[in-house]
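Chemist: My structure file coords.cif, mmCIF, C-alpha atoms, is below:
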data_structure
loop_
_atom_site.label_atom_id
_atom_site.label_comp_id
_atom_site.auth_asym_id
_atom_site.auth_seq_id
_atom_site.Cartn_x
_atom_site.Cartn_y
_atom_site.Cartn_z
CA MET S 233 26.82 -13.63 -30.03
CA GLN S 234 29.34 -16.30 -29.09
CA LEU S 235 28.68 -19.05 -26.55
CA ILE S 236 31.94 -20.04 -24.83
CA ARG S 237 32.33 -22.99 -22.48
CA THR S 238 35.97 -22.91 -21.42
CA ILE S 239 38.14 -20.44 -19.56
CA SER S 240 40.92 -20.62 -22.12
CA ASP S 241 38.59 -19.87 -25.04
CA LEU S 242 37.04 -16.89 -23.26
CA ARG S 243 40.42 -15.46 -22.31
CA ALA S 244 41.60 -15.76 -25.90
CA ALA S 245 38.49 -14.06 -27.27
CA LEU S 246 38.65 -11.18 -24.80
CA LYS S 247 42.39 -10.76 -25.27
CA ALA S 248 41.68 -10.13 -28.94
CA GLU S 249 38.98 -7.58 -28.05
CA ARG S 250 41.30 -5.73 -25.68
CA SER S 251 44.04 -5.67 -28.32
CA ARG S 252 41.65 -3.63 -30.45
CA GLY S 253 41.18 -1.16 -27.61
CA LYS S 254 37.72 -2.41 -26.64
CA SER S 255 36.41 -1.98 -23.08
CA ILE S 256 34.81 -5.01 -21.42
CA GLY S 257 31.58 -4.99 -19.43
CA PHE S 258 30.58 -8.02 -17.38
CA VAL S 259 27.29 -9.29 -15.92
CA PRO S 260 27.65 -12.42 -13.75
CA THR S 261 24.42 -14.43 -13.41
CA MET S 262 23.18 -17.84 -12.35
CA GLY S 263 20.89 -18.02 -15.37
CA TYR S 264 17.11 -18.33 -15.71
CA LEU S 265 17.23 -14.74 -16.86
CA HIS S 266 14.53 -12.12 -16.44
CA ILE S 267 14.12 -8.46 -17.32
CA GLY S 268 16.30 -7.47 -14.37
CA HIS S 269 19.26 -9.38 -15.82
CA LEU S 270 18.64 -7.93 -19.26
CA THR S 271 18.62 -4.45 -17.74
CA LEU S 272 22.10 -5.16 -16.38
CA VAL S 273 23.21 -6.23 -19.87
CA LYS S 274 21.72 -3.06 -21.33
CA ASN S 275 23.69 -0.99 -18.81
CA SER S 276 26.85 -2.85 -19.79
CA GLN S 277 26.18 -2.14 -23.46
CA GLN S 278 25.70 1.55 -22.72
CA HIS S 279 28.98 1.84 -20.80
CA CYS S 280 31.30 -0.63 -22.58
CA ASP S 281 32.25 -1.74 -26.07
CA VAL S 282 31.92 -5.47 -25.42
CA SER S 283 29.49 -7.17 -23.02
CA VAL S 284 30.04 -10.58 -21.41
CA VAL S 285 27.39 -12.48 -19.45
CA SER S 286 28.28 -15.52 -17.39
CA ILE S 287 25.72 -18.22 -16.61
CA PHE S 288 26.85 -20.47 -13.81
CA VAL S 289 24.94 -21.87 -10.83
CA ASN S 290 27.68 -21.72 -8.25
CA PRO S 291 27.63 -24.63 -5.76
CA THR S 292 29.93 -23.00 -3.20
CA GLN S 293 27.28 -20.46 -2.19
CA PHE S 294 24.66 -23.10 -1.36
CA ALA S 295 24.55 -24.99 1.93
CA PRO S 296 23.82 -28.76 1.81
CA ASN S 297 20.21 -28.15 2.87
CA GLU S 298 19.56 -25.38 0.32
CA ASP S 299 17.99 -25.38 -3.13
CA LEU S 300 20.97 -25.96 -5.43
CA ALA S 301 19.33 -28.86 -7.25
CA GLN S 302 16.00 -27.03 -7.52
CA TYR S 303 17.48 -23.75 -8.72
CA PRO S 304 15.78 -23.02 -12.10
CA ARG S 305 17.87 -23.61 -15.21
CA ASP S 306 17.05 -23.13 -18.90
CA LEU S 307 20.15 -22.36 -20.96
CA PRO S 308 18.47 -22.40 -24.41
CA ARG S 309 15.92 -19.84 -23.19
CA ASP S 310 18.67 -17.70 -21.66
CA LEU S 311 20.72 -17.76 -24.86
CA LYS S 312 17.71 -16.68 -26.92
CA LEU S 313 17.07 -13.72 -24.60
CA LEU S 314 20.71 -12.65 -24.66
CA GLU S 315 20.96 -12.94 -28.43
CA GLU S 316 17.87 -10.77 -28.78
CA GLN S 317 19.49 -8.25 -26.41
CA GLY S 318 22.61 -8.17 -28.57
CA CYS S 319 25.03 -9.59 -26.01
CA ASP S 320 28.52 -10.27 -27.38
CA TYR S 321 29.73 -13.25 -25.33
CA VAL S 322 28.06 -15.77 -23.05
CA PHE S 323 30.34 -17.74 -20.75
CA ALA S 324 28.53 -20.89 -19.59
CA PRO S 325 31.07 -23.23 -17.98
CA ASP S 326 30.18 -26.49 -16.27
CA VAL S 327 31.13 -27.19 -12.68
CA ASN S 328 34.27 -29.09 -13.68
CA GLU S 329 35.55 -26.08 -15.62
CA MET S 330 35.21 -23.75 -12.63
CA TYR S 331 36.15 -26.32 -9.97
CA PRO S 332 38.44 -28.80 -11.74
CA ASP S 333 38.20 -31.66 -9.24
CA GLY S 334 34.47 -31.86 -9.94
CA SER S 335 33.46 -31.50 -6.32
CA GLY S 336 32.08 -27.99 -6.64
CA LYS S 337 34.47 -26.97 -3.87
CA THR S 338 37.86 -25.34 -3.68
CA SER S 339 40.69 -25.29 -1.17
CA THR S 340 41.03 -21.51 -1.50
CA TYR S 341 38.19 -19.14 -0.64
CA VAL S 342 37.75 -15.39 -0.50
CA ASP S 343 36.70 -14.47 3.05
CA ALA S 344 34.30 -11.56 2.72
CA GLY S 345 34.88 -10.42 6.32
CA GLU S 346 32.33 -8.99 8.73
CA LEU S 347 29.98 -7.96 5.93
CA SER S 348 29.46 -11.64 5.14
CA THR S 349 28.45 -12.60 8.69
CA ILE S 350 25.60 -10.15 9.29
CA LEU S 351 22.04 -10.00 7.93
CA MET S 352 21.68 -12.63 5.17
CA GLY S 353 25.11 -13.94 6.14
CA ALA S 354 23.74 -14.87 9.56
CA LEU S 355 20.87 -16.78 7.95
CA ARG S 356 23.14 -18.44 5.38
CA PRO S 357 26.61 -19.04 6.87
CA HIS S 358 29.35 -19.26 4.21
CA HIS S 359 26.98 -18.00 1.49
CA PHE S 360 28.91 -14.81 0.87
CA ARG S 361 32.22 -16.65 1.06
CA GLY S 362 31.00 -18.69 -1.90
CA VAL S 363 29.73 -15.58 -3.70
CA ALA S 364 32.96 -13.65 -3.18
CA THR S 365 35.03 -16.64 -4.27
CA VAL S 366 33.19 -17.31 -7.52
CA VAL S 367 32.93 -13.61 -8.42
CA SER S 368 36.65 -13.19 -7.80
CA LYS S 369 37.32 -16.22 -10.04
CA LEU S 370 35.08 -14.78 -12.75
CA PHE S 371 36.75 -11.37 -12.45
CA ASN S 372 40.13 -13.06 -12.90
CA ILE S 373 38.86 -14.90 -15.98
CA VAL S 374 37.02 -12.02 -17.67
CA GLN S 375 39.17 -9.10 -16.43
CA PRO S 376 36.36 -6.61 -17.09
CA ASP S 377 36.63 -2.87 -16.92
CA LYS S 378 33.16 -2.63 -15.38
CA ALA S 379 30.86 -5.16 -13.71
CA PHE S 380 27.13 -4.71 -13.21
CA PHE S 381 25.04 -6.00 -10.29
CA GLY S 382 21.42 -5.46 -9.27
CA GLU S 383 20.71 -3.46 -6.14
CA LYS S 384 18.03 -5.97 -5.08
CA ASP S 385 20.86 -8.10 -3.69
CA TYR S 386 21.98 -5.12 -1.62
CA GLN S 387 24.28 -6.96 0.75
CA GLN S 388 25.86 -8.93 -2.09
CA LEU S 389 26.62 -5.68 -3.90
CA ALA S 390 28.23 -4.29 -0.73
CA VAL S 391 30.32 -7.47 -0.32
CA ILE S 392 31.54 -7.31 -3.94
CA LYS S 393 32.42 -3.62 -3.68
CA ARG S 394 34.36 -4.24 -0.48
CA MET S 395 36.18 -7.23 -2.01
CA VAL S 396 37.21 -5.22 -5.07
CA ALA S 397 38.49 -2.38 -2.88
CA ASP S 398 40.31 -4.66 -0.42
CA LEU S 399 41.96 -6.77 -3.13
CA ASN S 400 42.80 -3.81 -5.38
CA GLN S 401 40.97 -5.32 -8.30
CA PRO S 402 40.92 -2.78 -11.17
CA ILE S 403 37.17 -3.08 -11.78
CA ASP S 404 34.42 -0.50 -11.52
CA VAL S 405 31.49 -2.21 -9.79
CA ILE S 406 28.20 -0.56 -10.75
CA GLY S 407 24.91 -1.10 -8.93
CA VAL S 408 21.77 -0.96 -11.06
CA PRO S 409 18.37 -0.13 -9.51
CA THR S 410 16.00 -3.02 -8.84
CA VAL S 411 13.66 -3.92 -11.69
CA ARG S 412 10.14 -4.78 -10.55
CA GLU S 413 7.15 -6.58 -11.95
CA ILE S 414 3.87 -4.73 -12.51
CA ASP S 415 2.64 -5.38 -8.97
CA GLY S 416 5.92 -4.19 -7.44
CA LEU S 417 7.56 -7.54 -6.65
CA ALA S 418 11.27 -7.47 -7.43
CA CYS S 419 12.22 -9.54 -10.47
CA SER S 420 13.97 -12.72 -9.35
CA SER S 421 14.71 -16.13 -10.82
CA ARG S 422 13.27 -17.60 -7.62
CA ASN S 423 9.85 -16.11 -8.36
CA SER S 424 9.37 -19.00 -10.80
CA LEU S 425 9.52 -21.42 -7.84
CA LEU S 426 6.51 -19.83 -6.14
CA SER S 427 3.08 -21.41 -6.30
CA ALA S 428 0.32 -19.23 -7.72
CA GLU S 429 -0.94 -18.56 -4.20
CA ASP S 430 2.51 -17.66 -2.87
CA ARG S 431 3.23 -15.46 -5.88
CA ALA S 432 0.06 -13.48 -5.17
CA ALA S 433 0.97 -13.27 -1.47
CA ALA S 434 4.53 -12.08 -2.15
CA VAL S 435 3.27 -8.64 -3.15
CA ILE S 436 3.26 -7.94 0.61
CA LEU S 437 7.01 -7.20 0.34
CA PRO S 438 6.76 -4.09 -1.86
CA GLN S 439 3.67 -3.05 0.08
CA ALA S 440 5.62 -3.17 3.34
CA MET S 441 8.42 -1.10 1.82
CA GLN S 442 5.92 1.46 0.52
CA LEU S 443 4.46 1.70 4.03
CA ALA S 444 7.91 2.28 5.52
CA GLN S 445 8.67 5.09 3.10
CA ALA S 446 5.25 6.65 3.73
CA LEU S 447 5.92 6.67 7.48
CA VAL S 448 9.32 8.28 6.92
CA ASP S 449 7.68 10.87 4.66
CA GLN S 450 5.29 11.63 7.52
CA GLY S 451 8.22 12.27 9.86
CA GLU S 452 8.77 8.93 11.58
CA ARG S 453 12.43 8.46 12.49
CA SER S 454 12.29 5.77 15.17
CA VAL S 455 13.88 2.50 14.01
CA THR S 456 11.83 0.54 16.55
CA ALA S 457 8.56 2.07 15.40
CA LEU S 458 9.36 1.60 11.73
CA ARG S 459 10.41 -1.99 12.20
CA GLN S 460 7.26 -2.82 14.19
CA ALA S 461 5.04 -1.24 11.56
CA ILE S 462 6.77 -3.28 8.83
CA VAL S 463 6.46 -6.52 10.83
CA ASP S 464 2.78 -5.85 11.49
CA LYS S 465 2.22 -5.27 7.77
CA LEU S 466 4.04 -8.46 6.77
CA GLN S 467 2.11 -10.47 9.33
CA HIS S 468 -1.12 -9.56 7.55
CA GLU S 469 -0.06 -12.14 4.95
CA PRO S 470 -0.19 -15.58 6.61
CA ARG S 471 1.57 -17.32 3.71
CA GLY S 472 4.75 -15.35 4.39
CA GLU S 473 7.19 -16.47 7.10
CA ILE S 474 9.27 -13.50 8.24
CA GLU S 475 12.95 -14.36 8.55
CA ALA S 476 14.42 -10.88 8.93
CA VAL S 477 13.43 -7.22 8.94
CA ASP S 478 16.52 -5.03 9.18
CA ILE S 479 17.11 -1.29 8.98
CA ARG S 480 20.79 -0.50 8.45
CA ASP S 481 23.03 2.35 7.40
CA ALA S 482 22.65 2.58 3.62
CA GLU S 483 26.40 2.91 3.03
CA THR S 484 28.02 0.60 5.56
CA LEU S 485 25.20 -1.81 6.56
CA THR S 486 26.12 -1.15 10.20
CA GLU S 487 23.39 -0.69 12.77
CA THR S 488 21.90 2.78 12.90
CA ALA S 489 21.06 4.93 15.88
CA GLU S 490 17.51 4.58 17.21
CA GLN S 491 16.61 7.90 15.58
CA LEU S 492 17.46 7.94 11.89
CA THR S 493 19.44 10.95 10.69
CA ALA S 494 20.84 9.66 7.38
CA PRO S 495 19.60 7.41 4.57
CA ALA S 496 19.00 3.87 5.77
CA VAL S 497 18.26 0.70 3.86
CA LEU S 498 15.33 -1.54 4.71
CA LEU S 499 16.21 -5.19 4.08
CA LEU S 500 13.45 -7.81 4.03
CA THR S 501 13.78 -11.58 4.02
CA VAL S 502 10.52 -13.53 3.87
CA ARG S 503 9.95 -17.17 3.02
CA PHE S 504 6.95 -18.34 1.01
CA GLY S 505 6.72 -22.11 1.17
CA LYS S 506 10.26 -23.34 0.46
CA THR S 507 11.27 -20.19 -1.43
CA ARG S 508 13.15 -17.38 0.30
CA LEU S 509 12.63 -13.92 -1.17
CA ILE S 510 14.68 -10.83 -0.39
CA ASP S 511 14.07 -7.20 -1.17
CA GLN S 512 15.38 -3.78 -0.22
CA HIS S 513 14.45 -0.14 -0.21
CA VAL S 514 16.60 2.85 0.70
CA LEU S 515 14.64 5.09 3.07
CA ARG S 516 15.32 8.68 2.12
CA PHE S 517 14.25 11.75 4.05
#
Go ahead and express the file in the form of structure tokens.
Modeler:
Amino acid sequence: MQLIRTISDLRAALKAERSRGKSIGFVPTMGYLHIGHLTLVKNSQQHCDVSVVSIFVNPTQFAPNEDLAQYPRDLPRDLKLLEEQGCDYVFAPDVNEMYPDGSGKTSTYVDAGELSTILMGALRPHHFRGVATVVSKLFNIVQPDKAFFGEKDYQQLAVIKRMVADLNQPIDVIGVPTVREIDGLACSSRNSLLSAEDRAAAVILPQAMQLAQALVDQGERSVTALRQAIVDKLQHEPRGEIEAVDIRDAETLTETAEQLTAPAVLLLTVRFGKTRLIDQHVLRF
């Protein structure tokens, strides 16, 4: 496994791989890796000849009042995990390499359109603009054949797929099912920021999603009734502060009719202390 810090060195290394006819798989991350990230790497290894993982905490997707400074970082630990997984290249640039003036900002952004203004985009204005911008930069640097993203970040995956289609980027974006811990909580780097009490309380998220699916299995199709049942379930856990409970079309993320007739995605956003957790579940009939 090679650790590469500069854009020019990575481009040179991957140019050599492509000259030998090798396909390139790419997993962009912000580090502090967990089994979910390693599952993405495993998928890349299964589909491509060479796998690249980027580790970069991107400042343009954080608002001034958000947790950029507190975001967990442990590069030596991440490198050990990736070497054990058999990753080929790790791209770990500093902020100055990605944003040369050192400000962590850029004069050119990728506007992710309407998809970036709804749901999580309404809670975090400009977040998806930062995500789309840094992912586009990374795509330009790596030029992968395939890129792998977790379905836990459902809206982010939709934004990236739309960006690739709109900008005619020759990349196959592949969503990988959410990896969960034993108690059902989705694997996330932010889980490490939870207190022991909040970590125990956070299991209410998968429980609420299980309830929603059970109601659908029993024949419930009313969006209003489903949403109320989910809110009631979440409110049983006083440590959780509900920020959003949304039921949207699973393909387009547009609002559904009151009576569901096609697969819909349940999107949860709940804050425990200072840590915001998100999760999703596609409701299938």
Chemist: Applied to the shown file, which residues does the PyMOL selection byres ((chain S and resi 281-285) around 8) return, written as a VMD selection string?
Modeler: chain S and resid 249 254 to 261 273 276 to 277 279 to 280 286 to 287 319 to 323
Chemist: Please write as a ChimeraX atom specification the full residue list that the PyMOL selection byres ((chain S and resi 455-459) around 9) yields on this file.
Modeler: /S:444,447-448,452-454,460-464,477-479,488-492,498
Chemist: Counting only C-alpha atoms, which residue out of S:Leu509, S:Leu242, S:Ala390, S:Ile436 sits closest to Ile373 of chain S?
Modeler: S:Leu242
Chemist: Would you translate the PyMOL selection byres ((chain S and resi 382) around 6) into the concrete set of residues it matches in this file, as a list in words?
Modeler: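 This file, filtered by the PyMOL selection byres ((chain S and resi 382) around 6), leaves Phe381, Glu383, Lys384, Gly407, Val408 and Thr410 of chain S.
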Chemist: Work out how far atom CA of Gly263 of chain S is from atom CA of Glu298 of chain S, in Å to one decimal.
Modeler: 17.4 Å
Chemist: Could you build a table of the residues in segment 407-510 of chain S lying no more than 9 Å from segment 339-361 of chain S, giving for each the nearest pair of atoms and their separation in Å rounded to one decimal place, using only C-alpha atoms, ordered by chain and ascending residue number, as a Markdown table?
Modeler:
| residue | atom | partner | partner_atom | distance |
| --- | --- | --- | --- | --- |
| S:Glu475 | CA | S:Leu355 | CA | 8.3 |
| S:Ala476 | CA | S:Leu351 | CA | 7.7 |
| S:Asp478 | CA | S:Leu351 | CA | 7.5 |
| S:Thr484 | CA | S:Leu347 | CA | 8.8 |
| S:Leu485 | CA | S:Leu347 | CA | 7.8 |
| S:Thr486 | CA | S:Leu347 | CA | 8.9 |
| S:Leu499 | CA | S:Leu351 | CA | 8.5 |
| S:Thr501 | CA | S:Met352 | CA | 8.1 |
Chemist: Can you work out the spacing between atom CA of Arg431 of chain S and atom CA of Glu469 of chain S in Å, to one decimal?
Modeler: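 Atom CA of Glu469 of chain S lies 11.8 Å from atom CA of Arg431 of chain S.
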Chemist: Quick one: everything within 7 Å of Val497 of chain S, counting only C-alpha atoms, minus sequence neighbours fewer than 4 positions away in the same chain. Send it as a list of chain:residue names.
Modeler: S:Ile479, S:Arg480, S:Asp481, S:Ala482, S:Gln512, S:His513, S:Val514, S:Leu515
Chemist: Check the smallest atom-to-atom distance from each of S:Arg250, S:Arg305, S:Lys337, S:Arg237 to Asp377 of chain S using all atoms listed in the file, then report the winner.
Modeler: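 When distances to Asp377 of chain S are compared using all atoms listed in the file, the smallest one comes from S:Arg250.
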Chemist: Provide the atom CA of Val289 of chain S to atom CA of Leu370 of chain S distance in Å, to one decimal place.
Modeler: 12.5 Å
Chemist: Would you please work out which residue, of S:Pro376, S:Gly336, S:Asp449, S:Gly362, is nearest to Lys247 of chain S when using only C-alpha atoms?
Modeler: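 Residue with the minimum atom-to-atom distance to Lys247 of chain S: S:Pro376.
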Chemist: Please provide as a count of residues only all residues within 12 Å of Ala301 of chain S, with the sequence filter that same-chain residues fewer than 4 positions apart are discarded (counting all atoms listed in the file).
Modeler: 8
Chemist: Measuring atom to atom with only C-alpha atoms, identify which of S:Pro409, S:His468, S:His269, S:Pro308 is nearest to Leu389 of chain S.
Modeler: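 The shortest atom-to-atom distance to Leu389 of chain S comes from S:Pro409.
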Chemist: Hey, which of S:Leu314, S:Leu265, S:Val391, S:Leu443 ends up closest to Asn423 of chain S? Count all atoms listed in the file.
Modeler: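 Smallest separation from Asn423 of chain S among the options: S:Leu265.
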